[in-house]
file input_5.cif (mmCIF, C-alpha atoms)
data_work
loop_
_atom_site.group_PDB
_atom_site.id
_atom_site.type_symbol
_atom_site.label_atom_id
_atom_site.label_comp_id
_atom_site.auth_asym_id
_atom_site.auth_seq_id
_atom_site.Cartn_x
_atom_site.Cartn_y
_atom_site.Cartn_z
ATOM 1 C CA MET A 1 -22.907 204.120 107.785
ATOM 2 C CA GLU A 2 -21.311 206.240 105.089
ATOM 3 C CA ARG A 3 -24.604 206.443 103.216
ATOM 4 C CA ASP A 4 -26.842 207.239 106.201
ATOM 5 C CA PRO A 5 -25.673 209.274 109.232
ATOM 6 C CA LEU A 6 -28.574 207.841 111.272
ATOM 7 C CA VAL A 7 -26.973 204.375 111.303
ATOM 8 C CA CYS A 8 -25.000 203.540 114.456
ATOM 9 C CA VAL A 9 -23.564 200.421 116.098
ATOM 10 C CA MET A 10 -23.570 199.468 119.763
ATOM 11 C CA GLY A 11 -22.447 196.472 121.738
ATOM 12 C CA GLU A 12 -19.643 194.984 123.790
ATOM 13 C CA ASP A 13 -16.179 195.590 122.325
ATOM 14 C CA VAL A 14 -17.586 196.738 118.953
ATOM 15 C CA GLY A 15 -15.492 199.933 119.049
ATOM 16 C CA HIS A 16 -11.717 200.076 119.121
ATOM 17 C CA TYR A 17 -11.380 196.320 119.626
ATOM 18 C CA GLY A 18 -13.379 195.826 116.416
ATOM 19 C CA GLY A 19 -15.817 193.234 117.762
ATOM 20 C CA SER A 20 -15.151 189.744 119.100
ATOM 21 C CA TYR A 21 -15.055 188.450 115.502
ATOM 22 C CA LYS A 22 -13.759 191.708 113.971
ATOM 23 C CA VAL A 23 -17.047 192.470 112.174
ATOM 24 C CA THR A 24 -16.795 196.166 113.141
ATOM 25 C CA LYS A 25 -13.023 196.442 112.696
ATOM 26 C CA GLY A 26 -11.946 199.993 111.805
ATOM 27 C CA LEU A 27 -15.406 201.540 112.143
ATOM 28 C CA ALA A 28 -14.688 203.371 115.416
ATOM 29 C CA THR A 29 -11.670 205.075 113.880
ATOM 30 C CA LYS A 30 -13.678 206.083 110.825
ATOM 31 C CA TYR A 31 -16.962 207.140 112.447
ATOM 32 C CA GLY A 32 -16.095 207.962 116.052
ATOM 33 C CA ASP A 33 -17.079 206.703 119.480
ATOM 34 C CA LEU A 34 -20.676 207.931 119.407
ATOM 35 C CA ARG A 35 -21.642 206.091 116.226
ATOM 36 C CA VAL A 36 -19.689 202.973 117.207
ATOM 37 C CA LEU A 37 -20.521 202.745 120.880
ATOM 38 C CA ASP A 38 -18.759 200.400 123.267
ATOM 39 C CA THR A 39 -21.208 199.332 125.952
ATOM 40 C CA PRO A 40 -20.922 197.749 129.390
ATOM 41 C CA ILE A 41 -21.684 194.043 129.776
ATOM 42 C CA ALA A 42 -25.412 194.705 130.140
ATOM 43 C CA GLU A 43 -27.398 193.297 127.230
ATOM 44 C CA ASN A 44 -30.792 194.297 128.584
ATOM 45 C CA SER A 45 -29.632 197.898 129.022
ATOM 46 C CA PHE A 46 -27.961 198.514 125.669
ATOM 47 C CA THR A 47 -30.620 196.586 123.722
ATOM 48 C CA GLY A 48 -33.267 198.738 125.387
ATOM 49 C CA MET A 49 -31.189 201.821 124.582
ATOM 50 C CA GLY A 50 -30.991 200.729 120.948
ATOM 51 C CA ILE A 51 -34.767 200.294 120.764
ATOM 52 C CA GLY A 52 -35.243 203.746 122.278
ATOM 53 C CA ALA A 53 -32.784 205.186 119.760
ATOM 54 C CA ALA A 54 -34.761 203.548 116.941
ATOM 55 C CA MET A 55 -37.975 205.103 118.278
ATOM 56 C CA THR A 56 -36.391 208.560 118.018
ATOM 57 C CA GLY A 57 -35.362 208.039 114.384
ATOM 58 C CA LEU A 58 -31.900 206.479 114.474
ATOM 59 C CA ARG A 59 -31.113 203.147 112.803
ATOM 60 C CA PRO A 60 -29.109 201.253 115.410
ATOM 61 C CA ILE A 61 -27.345 197.943 114.894
ATOM 62 C CA VAL A 62 -27.105 196.108 118.213
ATOM 63 C CA GLU A 63 -24.482 193.373 118.398
ATOM 64 C CA GLY A 64 -24.737 190.515 120.840
ATOM 65 C CA MET A 65 -21.158 189.375 121.363
ATOM 66 C CA ASN A 66 -22.692 185.915 121.384
ATOM 67 C CA MET A 67 -26.340 185.337 120.519
ATOM 68 C CA GLY A 68 -26.791 183.397 123.757
ATOM 69 C CA PHE A 69 -26.179 186.609 125.701
ATOM 70 C CA LEU A 70 -29.269 188.172 124.117
ATOM 71 C CA LEU A 71 -31.438 185.985 126.316
ATOM 72 C CA LEU A 72 -30.695 188.652 128.927
ATOM 73 C CA ALA A 73 -32.456 191.128 126.628
ATOM 74 C CA TYR A 74 -35.411 188.893 125.787
ATOM 75 C CA ASN A 75 -37.861 191.222 127.534
ATOM 76 C CA GLN A 76 -36.646 194.215 125.530
ATOM 77 C CA ILE A 77 -36.693 192.282 122.247
ATOM 78 C CA SER A 78 -40.143 190.801 122.859
ATOM 79 C CA ASN A 79 -42.168 193.387 124.762
ATOM 80 C CA ASN A 80 -40.529 196.485 123.273
ATOM 81 C CA CYS A 81 -38.831 195.736 119.959
ATOM 82 C CA GLY A 82 -41.561 193.521 118.537
ATOM 83 C CA MET A 83 -44.619 195.254 119.927
ATOM 84 C CA LEU A 84 -44.044 199.008 120.210
ATOM 85 C CA HIS A 85 -45.081 199.804 116.653
ATOM 86 C CA TYR A 86 -48.436 198.152 117.386
ATOM 87 C CA THR A 87 -48.920 199.245 120.999
ATOM 88 C CA SER A 88 -48.146 202.868 120.092
ATOM 89 C CA GLY A 89 -50.849 202.793 117.449
ATOM 90 C CA GLY A 90 -48.248 203.189 114.715
ATOM 91 C CA GLN A 91 -46.708 206.313 116.255
ATOM 92 C CA PHE A 92 -43.275 204.687 116.461
ATOM 93 C CA LYS A 93 -41.242 202.683 113.991
ATOM 94 C CA ILE A 94 -38.482 200.437 115.321
ATOM 95 C CA PRO A 95 -35.859 200.272 112.524
ATOM 96 C CA ILE A 96 -33.319 198.255 114.505
ATOM 97 C CA VAL A 97 -31.022 195.382 113.530
ATOM 98 C CA ILE A 98 -30.041 192.896 116.216
ATOM 99 C CA ARG A 99 -27.193 190.673 115.078
ATOM 100 C CA GLY A 100 -24.382 188.502 116.303
ATOM 101 C CA PRO A 101 -22.648 185.116 116.174
ATOM 102 C CA GLY A 102 -24.446 181.952 117.229
ATOM 103 C CA GLY A 103 -24.617 178.267 116.501
ATOM 104 C CA VAL A 104 -22.370 175.380 117.424
ATOM 105 C CA GLY A 105 -18.728 176.389 117.077
ATOM 106 C CA ARG A 106 -15.585 174.502 117.966
ATOM 107 C CA GLN A 107 -15.883 173.458 121.598
ATOM 108 C CA LEU A 108 -17.324 176.718 122.900
ATOM 109 C CA GLY A 109 -19.411 174.967 125.539
ATOM 110 C CA ALA A 110 -23.170 174.810 126.031
ATOM 111 C CA GLU A 111 -23.826 178.469 126.870
ATOM 112 C CA HIS A 112 -21.870 179.746 123.854
ATOM 113 C CA SER A 113 -23.276 177.219 121.368
ATOM 114 C CA GLN A 114 -26.930 178.202 121.341
ATOM 115 C CA ARG A 115 -29.301 178.552 118.410
ATOM 116 C CA LEU A 116 -31.839 181.191 119.396
ATOM 117 C CA GLU A 117 -33.920 181.124 116.218
ATOM 118 C CA SER A 118 -36.551 179.024 117.969
ATOM 119 C CA TYR A 119 -36.635 181.386 120.955
ATOM 120 C CA PHE A 120 -37.364 184.461 118.865
ATOM 121 C CA GLN A 121 -39.583 183.077 116.088
ATOM 122 C CA SER A 122 -42.804 183.403 118.082
ATOM 123 C CA ILE A 123 -42.360 187.118 118.858
ATOM 124 C CA PRO A 124 -44.938 189.146 116.880
ATOM 125 C CA GLY A 125 -43.603 192.026 114.795
ATOM 126 C CA ILE A 126 -40.047 190.777 114.282
ATOM 127 C CA GLN A 127 -38.384 189.543 111.090
ATOM 128 C CA MET A 128 -35.591 186.963 111.209
ATOM 129 C CA VAL A 129 -32.970 186.172 108.585
ATOM 130 C CA ALA A 130 -29.905 183.917 108.588
ATOM 131 C CA CYS A 131 -26.929 184.571 106.322
ATOM 132 C CA SER A 132 -24.734 181.793 104.986
ATOM 133 C CA THR A 133 -22.303 183.353 102.467
ATOM 134 C CA PRO A 134 -20.333 186.620 102.267
ATOM 135 C CA TYR A 135 -22.587 187.679 99.379
ATOM 136 C CA ASN A 136 -25.876 187.194 101.168
ATOM 137 C CA ALA A 137 -24.464 188.432 104.478
ATOM 138 C CA LYS A 138 -23.785 191.821 102.888
ATOM 139 C CA GLY A 139 -27.054 191.933 100.940
ATOM 140 C CA LEU A 140 -29.203 190.892 103.895
ATOM 141 C CA MET A 141 -27.395 193.224 106.307
ATOM 142 C CA LYS A 142 -28.014 196.221 104.053
ATOM 143 C CA ALA A 143 -31.649 195.269 103.603
ATOM 144 C CA ALA A 144 -32.069 194.852 107.359
ATOM 145 C CA ILE A 145 -30.518 198.252 108.102
ATOM 146 C CA ARG A 146 -32.795 199.975 105.575
ATOM 147 C CA SER A 147 -35.940 198.187 106.754
ATOM 148 C CA ASP A 148 -38.375 200.035 109.011
ATOM 149 C CA ASN A 149 -39.072 196.767 110.833
ATOM 150 C CA PRO A 150 -36.991 195.237 113.631
ATOM 151 C CA VAL A 151 -34.808 192.507 112.122
ATOM 152 C CA ILE A 152 -32.781 189.827 113.881
ATOM 153 C CA LEU A 153 -29.851 188.716 111.713
ATOM 154 C CA PHE A 154 -28.318 185.383 112.665
ATOM 155 C CA GLU A 155 -24.637 184.918 111.812
ATOM 156 C CA HIS A 156 -22.882 181.601 112.372
ATOM 157 C CA VAL A 157 -19.701 181.558 114.384
ATOM 158 C CA LEU A 158 -18.025 179.108 111.972
ATOM 159 C CA LEU A 159 -18.788 181.040 108.775
ATOM 160 C CA TYR A 160 -16.793 184.221 109.445
ATOM 161 C CA ASN A 161 -13.709 182.813 107.714
ATOM 162 C CA LEU A 162 -15.516 182.263 104.387
ATOM 163 C CA LYS A 163 -14.218 184.235 101.416
ATOM 164 C CA GLU A 164 -16.047 185.070 98.213
ATOM 165 C CA ARG A 165 -15.783 187.650 95.459
ATOM 166 C CA ILE A 166 -18.716 190.033 95.795
ATOM 167 C CA PRO A 167 -19.817 192.771 93.381
ATOM 168 C CA ASP A 168 -18.389 196.271 93.690
ATOM 169 C CA GLU A 169 -21.698 197.773 92.640
ATOM 170 C CA GLU A 170 -24.593 198.309 95.025
ATOM 171 C CA TYR A 171 -26.913 195.373 95.740
ATOM 172 C CA VAL A 172 -29.544 194.680 98.389
ATOM 173 C CA LEU A 173 -31.268 191.333 98.898
ATOM 174 C CA SER A 174 -34.867 190.758 99.910
ATOM 175 C CA LEU A 175 -35.448 189.884 103.563
ATOM 176 C CA GLU A 176 -38.300 187.573 102.584
ATOM 177 C CA GLU A 177 -36.845 185.470 99.765
ATOM 178 C CA ALA A 178 -35.228 182.050 99.838
ATOM 179 C CA GLU A 179 -32.226 181.229 97.626
ATOM 180 C CA MET A 180 -32.212 178.395 95.128
ATOM 181 C CA VAL A 181 -28.765 176.898 95.726
ATOM 182 C CA ARG A 182 -29.087 173.841 93.506
ATOM 183 C CA PRO A 183 -32.027 172.975 91.206
ATOM 184 C CA GLY A 184 -33.082 169.336 91.215
ATOM 185 C CA GLU A 185 -35.955 166.936 90.573
ATOM 186 C CA HIS A 186 -36.024 164.157 93.181
ATOM 187 C CA VAL A 187 -36.267 165.792 96.621
ATOM 188 C CA THR A 188 -36.435 169.298 98.113
ATOM 189 C CA ILE A 189 -33.821 169.917 100.817
ATOM 190 C CA LEU A 190 -34.551 173.035 102.880
ATOM 191 C CA THR A 191 -31.755 174.395 105.040
ATOM 192 C CA TYR A 192 -30.080 177.594 106.262
ATOM 193 C CA SER A 193 -26.888 178.993 107.789
ATOM 194 C CA ARG A 194 -24.011 176.552 108.360
ATOM 195 C CA MET A 195 -26.098 173.493 107.465
ATOM 196 C CA ARG A 196 -26.122 174.732 103.860
ATOM 197 C CA TYR A 197 -22.538 173.462 103.624
ATOM 198 C CA HIS A 198 -23.330 170.087 105.173
ATOM 199 C CA VAL A 199 -26.196 169.739 102.695
ATOM 200 C CA MET A 200 -24.030 170.644 99.696
ATOM 201 C CA GLN A 201 -21.391 168.179 100.856
ATOM 202 C CA ALA A 202 -24.084 165.498 101.032
ATOM 203 C CA ALA A 203 -25.449 166.585 97.628
ATOM 204 C CA LYS A 204 -22.156 165.633 95.943
ATOM 205 C CA THR A 205 -22.469 162.120 97.339
ATOM 206 C CA LEU A 206 -26.138 161.915 96.379
ATOM 207 C CA VAL A 207 -25.429 162.971 92.784
ATOM 208 C CA ASN A 208 -22.790 160.245 92.520
ATOM 209 C CA LYS A 209 -25.449 157.784 93.696
ATOM 210 C CA GLY A 210 -27.898 158.898 91.021
ATOM 211 C CA TYR A 211 -30.078 161.275 93.013
ATOM 212 C CA ASP A 212 -30.923 164.832 91.939
ATOM 213 C CA PRO A 213 -31.623 166.902 95.074
ATOM 214 C CA GLU A 214 -32.975 170.451 94.953
ATOM 215 C CA VAL A 215 -31.306 172.559 97.649
ATOM 216 C CA ILE A 216 -32.926 175.744 98.974
ATOM 217 C CA ASP A 217 -31.355 178.069 101.536
ATOM 218 C CA ILE A 218 -34.505 179.474 103.142
ATOM 219 C CA ARG A 219 -32.598 182.542 104.525
ATOM 220 C CA SER A 220 -35.812 184.181 105.752
ATOM 221 C CA LEU A 221 -36.686 182.378 108.985
ATOM 222 C CA LYS A 222 -39.693 184.604 109.562
ATOM 223 C CA PRO A 223 -41.682 184.876 107.394
ATOM 224 C CA PHE A 224 -40.966 181.782 105.280
ATOM 225 C CA ASP A 225 -40.789 182.211 101.509
ATOM 226 C CA LEU A 226 -43.632 179.789 100.832
ATOM 227 C CA TYR A 227 -43.738 180.765 97.151
ATOM 228 C CA THR A 228 -40.246 179.397 96.429
ATOM 229 C CA ILE A 229 -40.668 176.501 98.837
ATOM 230 C CA GLY A 230 -44.111 175.615 97.446
ATOM 231 C CA ASN A 231 -42.948 175.590 93.832
ATOM 232 C CA SER A 232 -40.176 173.187 94.769
ATOM 233 C CA VAL A 233 -42.525 170.888 96.699
ATOM 234 C CA LYS A 234 -44.916 170.799 93.732
ATOM 235 C CA LYS A 235 -42.001 169.667 91.548
ATOM 236 C CA THR A 236 -40.236 167.102 93.756
ATOM 237 C CA HIS A 237 -43.092 165.942 96.053
ATOM 238 C CA ARG A 238 -40.593 165.105 98.808
ATOM 239 C CA VAL A 239 -39.137 167.339 101.514
ATOM 240 C CA LEU A 240 -36.121 167.020 103.788
ATOM 241 C CA ILE A 241 -35.436 169.823 106.283
ATOM 242 C CA VAL A 242 -31.903 170.135 107.669
ATOM 243 C CA GLU A 243 -31.263 172.553 110.516
ATOM 244 C CA GLU A 244 -28.869 173.158 113.382
ATOM 245 C CA CYS A 245 -31.735 174.368 115.556
ATOM 246 C CA MET A 246 -33.144 172.122 118.275
ATOM 247 C CA ARG A 247 -35.710 169.550 117.200
ATOM 248 C CA THR A 248 -38.375 170.519 119.733
ATOM 249 C CA GLY A 249 -40.051 173.777 118.744
ATOM 250 C CA GLY A 250 -37.375 174.606 116.178
ATOM 251 C CA ILE A 251 -37.505 176.305 112.779
ATOM 252 C CA GLY A 252 -37.899 172.868 111.193
ATOM 253 C CA ALA A 253 -41.026 172.181 113.229
ATOM 254 C CA SER A 254 -42.603 175.467 112.106
ATOM 255 C CA LEU A 255 -41.553 174.840 108.510
ATOM 256 C CA THR A 256 -42.995 171.319 108.603
ATOM 257 C CA ALA A 257 -46.327 172.702 109.836
ATOM 258 C CA ALA A 258 -46.378 175.416 107.152
ATOM 259 C CA ILE A 259 -45.684 172.930 104.332
ATOM 260 C CA ASN A 260 -48.274 170.464 105.626
ATOM 261 C CA GLU A 261 -50.888 173.211 105.875
ATOM 262 C CA ASN A 262 -50.229 174.683 102.435
ATOM 263 C CA PHE A 263 -48.877 171.855 100.245
ATOM 264 C CA HIS A 264 -50.035 168.612 101.816
ATOM 265 C CA ASP A 265 -51.707 167.366 98.620
ATOM 266 C CA TYR A 266 -48.425 167.611 96.710
ATOM 267 C CA LEU A 267 -46.439 165.394 99.115
ATOM 268 C CA ASP A 268 -45.742 161.770 98.163
ATOM 269 C CA ALA A 269 -44.012 161.023 101.471
ATOM 270 C CA PRO A 270 -43.999 162.418 105.017
ATOM 271 C CA ILE A 271 -41.703 165.403 105.599
ATOM 272 C CA VAL A 272 -38.404 164.406 107.239
ATOM 273 C CA CYS A 273 -36.652 166.858 109.554
ATOM 274 C CA LEU A 274 -33.049 166.459 110.687
ATOM 275 C CA SER A 275 -32.261 168.694 113.663
ATOM 276 C CA SER A 276 -29.774 168.996 116.492
ATOM 277 C CA GLN A 277 -30.409 166.822 119.498
ATOM 278 C CA ASP A 278 -32.343 168.301 122.419
ATOM 279 C CA VAL A 279 -29.335 168.386 124.732
ATOM 280 C CA PRO A 280 -26.946 171.111 125.916
ATOM 281 C CA THR A 281 -24.050 171.174 123.452
ATOM 282 C CA PRO A 282 -21.172 169.177 124.989
ATOM 283 C CA TYR A 283 -17.713 170.692 125.313
ATOM 284 C CA ALA A 284 -15.966 167.510 124.143
ATOM 285 C CA GLY A 285 -15.374 167.785 120.403
ATOM 286 C CA THR A 286 -16.455 164.242 119.491
ATOM 287 C CA LEU A 287 -19.665 164.547 121.509
ATOM 288 C CA GLU A 288 -20.339 168.034 120.106
ATOM 289 C CA GLU A 289 -20.156 166.606 116.577
ATOM 290 C CA TRP A 290 -22.689 163.906 117.466
ATOM 291 C CA THR A 291 -25.308 166.474 118.503
ATOM 292 C CA VAL A 292 -25.311 168.203 115.075
ATOM 293 C CA VAL A 293 -26.567 166.826 111.746
ATOM 294 C CA GLN A 294 -23.712 165.444 109.627
ATOM 295 C CA PRO A 295 -23.574 164.937 105.819
ATOM 296 C CA GLY A 296 -23.831 161.154 106.134
ATOM 297 C CA GLN A 297 -27.166 161.449 107.926
ATOM 298 C CA ILE A 298 -28.468 163.673 105.123
ATOM 299 C CA VAL A 299 -27.470 161.106 102.484
ATOM 300 C CA THR A 300 -29.210 158.327 104.409
ATOM 301 C CA ALA A 301 -32.368 160.410 104.886
ATOM 302 C CA VAL A 302 -32.627 161.189 101.148
ATOM 303 C CA GLU A 303 -32.094 157.533 100.230
ATOM 304 C CA GLN A 304 -34.944 156.514 102.533
ATOM 305 C CA LEU A 305 -37.203 159.336 101.296
ATOM 306 C CA CYS A 306 -36.735 158.405 97.667
ATOM 307 C CA LYS A 307 -37.337 154.664 98.041
#
call {"tool": "encode", "arguments": {"input": "input_5.cif", "output": "structure tokens"}}
result
Amino acid sequence: MERDPLVCVMGEDVGHYGGSYKVTKGLATKYGDLRVLDTPIAENSFTGMGIGAAMTGLRPIVEGMNMGFLLLAYNQISNNCGMLHYTSGGQFKIPIVIRGPGGVGRQLGAEHSQRLESYFQSIPGIQMVACSTPYNAKGLMKAAIRSDNPVILFEHVLLYNLKERIPDEEYVLSLEEAEMVRPGEHVTILTYSRMRYHVMQAAKTLVNKGYDPEVIDIRSLKPFDLYTIGNSVKKTHRVLIVEECMRTGGIGASLTAAINENFHDYLDAPIVCLSSQDVPTPYAGTLEEWTVVQPGQIVTAVEQLCK
């Protein structure tokens, strides 16, 4: 916002309250009420307003207080945000960032524990990225703001308390590149967002058991970085996908199809996909934990894949 006066933020409680998870803390005081705009509880209205602002040349960042609330703005995101550049014959660019917390938290209930990646992935004209560390959250956010395309940035509700030393100097990450988290030889594990930490926890156990997993944080949910993914598949010949998204129609299903279409000849075993169960997320903590992939399941899946 300091670099570009066209950048503005809008959403519920993003102003003087600083956002429900304090992501915009202090910005209203620094940049004023017009650039950090508190909105009514009307996601369809302020998302549509943000898209209109982007059409006129601003670079708005629209926050959904919870990603589940953005279902109320699905029409604006799909029919306007994703399509206007095309339907206007290229007359309008839509440089908007739509971001907010999602995923399964700590007993937030079904409506506040949604993973909307699968809902939005089929919308033409939209890019999707998921951050997983403070470093890539900053780099991906800056790239998304500077992009002329509409970008949906998925943040996980349980990752806001992570701390990491990040560079003082300027850096911007690519919106279309995966991150090699851990090189390995035996199996490719593809994951993103919070599941990165479940995978790395499982990786410690797997290493102690003699396995050498390669872990890739795909980060770009649309489009997939098939160059990085393909090179890994050609090396390990086995693929495990770990996601928090729903199994039916999820990111893992799309990723499985893409790998089968492009790298089928390099696979020595069928692709295995571990996903959340196709049920509303329970409020009870023990039941909530059962619906999400746990490190032990990842260890078991790798052991079976590498038999």
call {"tool": "residues_around", "arguments": {"input": "input_5.cif", "residues": "segment 179-187 of chain A", "least_positions_apart": "2", "cutoff": "10 Å", "atoms": "all atoms listed in the file", "output": "ChimeraX atom specification"}}
result
/A:136,177,189-190,192,196,200,203,210-220,225,228-229,232-233,235-240,302-303,305-306
call {"tool": "atom_distance", "arguments": {"input": "input_5.cif", "atom1": "atom CA of Ala143 of chain A", "atom2": "atom CA of Lys163 of chain A"}}
result
20.7 Å
call {"tool": "closest_residue", "arguments": {"input": "input_5.cif", "among": "A:Val104, A:His16, A:Asp4, A:Glu63", "to": "Glu288 of chain A", "atoms": "all atoms listed in the file"}}
result
A:Val104
call {"tool": "closest_residue", "arguments": {"input": "input_5.cif", "among": "A:Cys245, A:Ala253, A:Cys81, A:Val7", "to": "Tyr31 of chain A", "atoms": "only C-alpha atoms"}}
result
A:Val7
call {"tool": "resolve_selection", "arguments": {"input": "input_5.cif", "expression": "the PyMOL selection byres ((chain A and resi 156) around 9)", "output": "ChimeraX atom specification"}}
result
/A:100-105,130-132,154-155,157-160,193-194
call {"tool": "closest_residue", "arguments": {"input": "input_5.cif", "among": "A:Thr29, A:Thr205, A:Gln277, A:Ser254", "to": "Thr300 of chain A", "atoms": "all atoms listed in the file"}}
result
A:Thr205
call {"tool": "atom_distance", "arguments": {"input": "input_5.cif", "atom1": "atom CA of Gln114 of chain A", "atom2": "atom CA of Ser276 of chain A"}}
result
10.8 Å
call {"tool": "closest_residue", "arguments": {"input": "input_5.cif", "among": "A:Met246, A:Ile271, A:Leu175, A:Ile77", "to": "Gly52 of chain A", "atoms": "only C-alpha atoms"}}
result
A:Ile77
call {"tool": "atom_distance", "arguments": {"input": "input_5.cif", "atom1": "atom CA of Gly26 of chain A", "atom2": "atom CA of Asp38 of chain A"}}
result
13.3 Å
call {"tool": "residues_around", "arguments": {"input": "input_5.cif", "residues": "Gly90 of chain A", "least_positions_apart": "5", "cutoff": "12 Å", "atoms": "all atoms listed in the file", "output": "JSON, numbers by chain"}}
result
{"A": [55, 83, 84, 85, 148, 149]}
call {"tool": "closest_residue", "arguments": {"input": "input_5.cif", "among": "A:Ser78, A:Asn66, A:Gln107, A:Asn161", "to": "Gln127 of chain A", "atoms": "all atoms listed in the file"}}
result
A:Ser78
call {"tool": "residues_around", "arguments": {"input": "input_5.cif", "residues": "Val279 of chain A", "least_positions_apart": "2", "cutoff": "12 Å", "atoms": "all atoms listed in the file", "output": "list in words"}}
result
Gly109, Ala110, Glu111, Ser113, Gln114, Arg115, Cys245, Met246, Arg247, Thr248, Ser275, Ser276, Gln277, Thr281, Pro282, Tyr283, Leu287, Glu288, Trp290, Thr291 and Val292 of chain A
call {"tool": "residues_around", "arguments": {"input": "input_5.cif", "residues": "Gly48 of chain A", "least_positions_apart": "4", "cutoff": "10 Å", "atoms": "all atoms listed in the file", "output": "ChimeraX atom specification"}}
result
/A:43-44,52-54,62,73,75-77,80-81
call {"tool": "decode", "arguments": {"input": "input_5.cif", "residues": "segment 118-131 of chain A", "atoms": "N, CA, C and O atoms", "output": "compact mmCIF listing (two decimals), in the first residue's frame"}}
result
# COMPACT_ATOMS: atom_id res chain seq x y z
N SER A 118 -12.03 -26.27 -3.98
CA SER A 118 -12.71 -27.08 -4.99
C SER A 118 -13.88 -26.33 -5.61
O SER A 118 -14.24 -26.58 -6.76
N TYR A 119 -14.48 -25.42 -4.86
CA TYR A 119 -15.59 -24.63 -5.39
C TYR A 119 -15.11 -23.69 -6.49
O TYR A 119 -15.78 -23.48 -7.50
N PHE A 120 -13.96 -23.08 -6.28
CA PHE A 120 -13.50 -22.02 -7.17
C PHE A 120 -12.60 -22.49 -8.31
O PHE A 120 -12.37 -21.74 -9.25
N GLN A 121 -12.09 -23.73 -8.24
CA GLN A 121 -11.07 -24.14 -9.21
C GLN A 121 -11.60 -24.22 -10.64
O GLN A 121 -10.83 -24.11 -11.59
N SER A 122 -12.90 -24.40 -10.80
CA SER A 122 -13.44 -24.55 -12.15
C SER A 122 -13.82 -23.23 -12.80
O SER A 122 -14.27 -23.21 -13.95
N ILE A 123 -13.64 -22.11 -12.10
CA ILE A 123 -14.01 -20.81 -12.67
C ILE A 123 -12.95 -20.37 -13.66
O ILE A 123 -11.78 -20.21 -13.29
N PRO A 124 -13.30 -20.16 -14.93
CA PRO A 124 -12.30 -19.70 -15.91
C PRO A 124 -11.79 -18.30 -15.57
O PRO A 124 -12.55 -17.46 -15.09
N GLY A 125 -10.51 -18.07 -15.80
CA GLY A 125 -9.96 -16.72 -15.66
C GLY A 125 -9.45 -16.35 -14.29
O GLY A 125 -9.01 -15.22 -14.07
N ILE A 126 -9.49 -17.29 -13.34
CA ILE A 126 -9.06 -16.99 -11.97
C ILE A 126 -7.84 -17.83 -11.62
O ILE A 126 -7.75 -19.00 -11.98
N GLN A 127 -6.87 -17.21 -10.93
CA GLN A 127 -5.73 -17.95 -10.39
C GLN A 127 -5.97 -18.21 -8.91
O GLN A 127 -6.60 -17.40 -8.22
N MET A 128 -5.44 -19.33 -8.41
CA MET A 128 -5.60 -19.66 -7.00
C MET A 128 -4.25 -20.08 -6.42
O MET A 128 -3.53 -20.89 -7.01
N VAL A 129 -3.92 -19.51 -5.27
CA VAL A 129 -2.70 -19.90 -4.57
C VAL A 129 -3.02 -20.12 -3.10
O VAL A 129 -3.97 -19.54 -2.56
N ALA A 130 -2.23 -20.96 -2.45
CA ALA A 130 -2.40 -21.24 -1.02
C ALA A 130 -1.06 -21.06 -0.33
O ALA A 130 -0.08 -21.70 -0.69
N CYS A 131 -1.02 -20.18 0.66
CA CYS A 131 0.24 -19.96 1.40
C CYS A 131 0.32 -20.93 2.57
O CYS A 131 -0.69 -21.44 3.06
